[in-house]
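**Q** Below is query_13.cif; it holds mmCIF, C-alpha atoms.
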data_final
#
loop_
_atom_site.label_atom_id
_atom_site.label_comp_id
_atom_site.auth_asym_id
_atom_site.auth_seq_id
_atom_site.Cartn_x
_atom_site.Cartn_y
_atom_site.Cartn_z
CA MET A 1 -3.21 -5.24 10.52
CA GLN A 2 -6.17 -5.92 8.28
CA VAL A 3 -5.89 -8.81 5.84
CA TYR A 4 -6.05 -7.65 2.23
CA LYS A 5 -9.09 -9.21 0.49
CA ASP A 6 -7.37 -9.66 -2.88
CA ILE A 7 -10.67 -10.26 -4.66
CA ASN A 8 -8.95 -11.45 -7.86
CA ASN A 9 -6.47 -13.64 -5.98
CA ASP A 10 -3.55 -12.14 -7.93
CA SER A 11 -1.84 -9.78 -5.49
CA GLY A 12 1.37 -9.87 -3.54
CA VAL A 13 -0.19 -7.84 -0.73
CA HIS A 14 -0.95 -9.73 2.48
CA GLY A 15 -2.25 -6.97 4.73
CA PHE A 16 -2.45 -3.26 5.42
CA GLU A 17 -3.00 -0.68 8.11
CA ILE A 18 -4.41 2.78 7.48
CA SER A 19 -3.68 5.89 9.53
CA ALA A 20 -4.62 9.52 8.95
CA ASP A 21 -1.63 10.36 6.75
CA SER A 22 -0.18 7.00 5.75
CA VAL A 23 -0.80 3.40 4.75
CA THR A 24 1.39 0.51 5.86
CA VAL A 25 1.54 -2.56 3.64
CA TRP A 26 2.72 -6.11 4.29
CA PHE A 27 3.64 -8.18 1.24
CA ASP A 28 3.48 -11.96 0.97
CA GLY A 29 6.71 -13.67 1.92
CA THR A 30 8.23 -10.71 3.78
CA ALA A 31 8.24 -9.95 7.48
CA ARG A 32 8.98 -6.27 6.89
CA SER A 33 6.22 -3.70 6.50
CA TYR A 34 6.38 -0.72 4.15
CA THR A 35 4.82 2.57 5.19
CA TYR A 36 3.86 5.09 2.53
CA SER A 37 3.19 8.52 4.01
CA TYR A 38 2.01 11.85 2.71
CA HIS A 39 5.59 13.04 3.08
CA SER A 40 7.27 10.10 1.31
CA ALA A 41 4.75 9.25 -1.43
CA GLY A 42 2.41 12.23 -1.63
CA ARG A 43 -1.09 12.81 -0.34
CA ASP A 44 -2.89 11.83 -3.55
CA HIS A 45 -1.02 8.54 -3.85
CA VAL A 46 -1.62 7.62 -0.22
CA GLU A 47 -5.33 8.42 -0.45
CA THR A 48 -5.63 6.29 -3.59
CA MET A 49 -3.77 3.46 -1.88
CA LYS A 50 -6.17 3.63 1.08
CA LYS A 51 -9.15 3.22 -1.24
CA LEU A 52 -7.53 0.33 -3.08
CA ALA A 53 -6.58 -1.37 0.19
CA VAL A 54 -10.15 -1.22 1.47
CA SER A 55 -11.59 -2.37 -1.87
CA GLY A 56 -9.24 -5.38 -1.98
CA ASP A 57 -8.20 -4.84 -5.57
CA GLY A 58 -5.34 -3.16 -7.42
CA LEU A 59 -3.08 -2.13 -4.54
CA ASN A 60 0.00 -4.13 -5.53
CA ALA A 61 -0.14 -2.94 -9.14
CA TYR A 62 -0.61 0.67 -8.02
CA ILE A 63 2.36 0.47 -5.68
CA ASN A 64 4.60 -1.07 -8.35
CA TYR A 65 3.63 1.51 -10.95
CA HIS A 66 3.45 4.72 -8.88
CA VAL A 67 5.23 4.55 -5.51
CA LYS A 68 7.39 1.43 -5.37
CA PHE A 69 10.39 2.98 -3.62
CA LYS A 70 8.63 5.96 -2.01
CA TYR A 71 8.12 4.28 1.35
CA VAL A 72 9.36 5.74 4.63
CA ARG A 73 12.96 4.67 5.19
#
How would this structure read if it were set down as structure tokens?

**A**
Amino acid sequence: MQVYKDINNDSGVHGFEISADSVTVWFDGTARSYTYSYHSAGRDHVETMKKLAVSGDGLNAYINYHVKFKYVR
């Protein structure tokens, strides 16, 4: 797991892990991880989430607005 930079210090994301067709996210205060895959959330959303994760800004807001419940179950 990579620690999320959170450059504005306003995110609920603690860390992430990127794979070829998914991104796994850990949120502050939860032990559970959430994996968003091409199949569950869509390729475009996952690719955007990867970019946001690496940049350290906007990932939590993007998840809440676009893919909140589209994680792999």

**Q** Could you name the residues that touch Asp28 (chain A) at 12 Å or less, counting all atoms listed in the file, but leaving out those on the same chain fewer than 6 positions away, as a PyMOL selection string?

**A** chain A and resi 3-4+6+10-16+60

**Q** How would you write, as a CSV table (one decimal) with C-alpha atoms, keeping the file's coordinate frame, the residues chosen by the PyMOL selection byres ((chain A and resi 24) around 10) on this structure?

**A**
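So the final result, stored in expr.csv, reads:
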chain,number,residue,atom,x,y,z
A,1,MET,CA,-3.2,-5.2,10.5
A,15,GLY,CA,-2.2,-7.0,4.7
A,16,PHE,CA,-2.4,-3.3,5.4
A,17,GLU,CA,-3.0,-0.7,8.1
A,18,ILE,CA,-4.4,2.8,7.5
A,19,SER,CA,-3.7,5.9,9.5
A,22,SER,CA,-0.2,7.0,5.8
A,23,VAL,CA,-0.8,3.4,4.8
A,25,VAL,CA,1.5,-2.6,3.6
A,26,TRP,CA,2.7,-6.1,4.3
A,33,SER,CA,6.2,-3.7,6.5
A,34,TYR,CA,6.4,-0.7,4.2
A,35,THR,CA,4.8,2.6,5.2
A,36,TYR,CA,3.9,5.1,2.5
A,37,SER,CA,3.2,8.5,4.0
A,46,VAL,CA,-1.6,7.6,-0.2
A,49,MET,CA,-3.8,3.5,-1.9
A,50,LYS,CA,-6.2,3.6,1.1
A,53,ALA,CA,-6.6,-1.4,0.2
A,71,TYR,CA,8.1,4.3,1.4
A,72,VAL,CA,9.4,5.7,4.6

**Q** Work out how far apart CA of Tyr65 (chain A) and CA of Glu47 (chain A) are and give it in Å to one decimal.

**A**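 CA of Tyr65 (chain A) sits 15.4 Å away from CA of Glu47 (chain A).
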
**Q** Quick one, how far is CA of Asp21 (chain A) from CA of Ile7 (chain A)?

**A** 25.2 Å

**Q** As JSON, please: the centre and edge lengths in Å, to one decimal, of an axis-aligned box enclosing every listed atom of region 63-72 of chain A with 5 Å added on each side.

**A**
{"center_x": 6.4, "center_y": 2.4, "center_z": -3.2, "size_x": 18.0, "size_y": 17.0, "size_z": 25.6}

**Q** What gap, in Å, lies between CA of Leu59 (chain A) and CA of His39 (chain A)?

**A**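 Atom-to-atom, CA of Leu59 (chain A) and CA of His39 (chain A) are spaced 19.1 Å apart.
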
**Q** Which protein, DNA or RNA residues have an atom at most 6 Å from (3.9, 7.2, -5.2), counting only C-alpha atoms? List them as a PyMOL selection string.

**A** chain A and resi 41+45+66-67+70

**Q** Between A:Ala20, A:Phe69, A:Gly58, A:Gln2, which one has atoms that come closest to Tyr38 (chain A), using all atoms listed in the file?

**A**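 With all atoms listed in the file as the atom set, the closest residue is A:Ala20.
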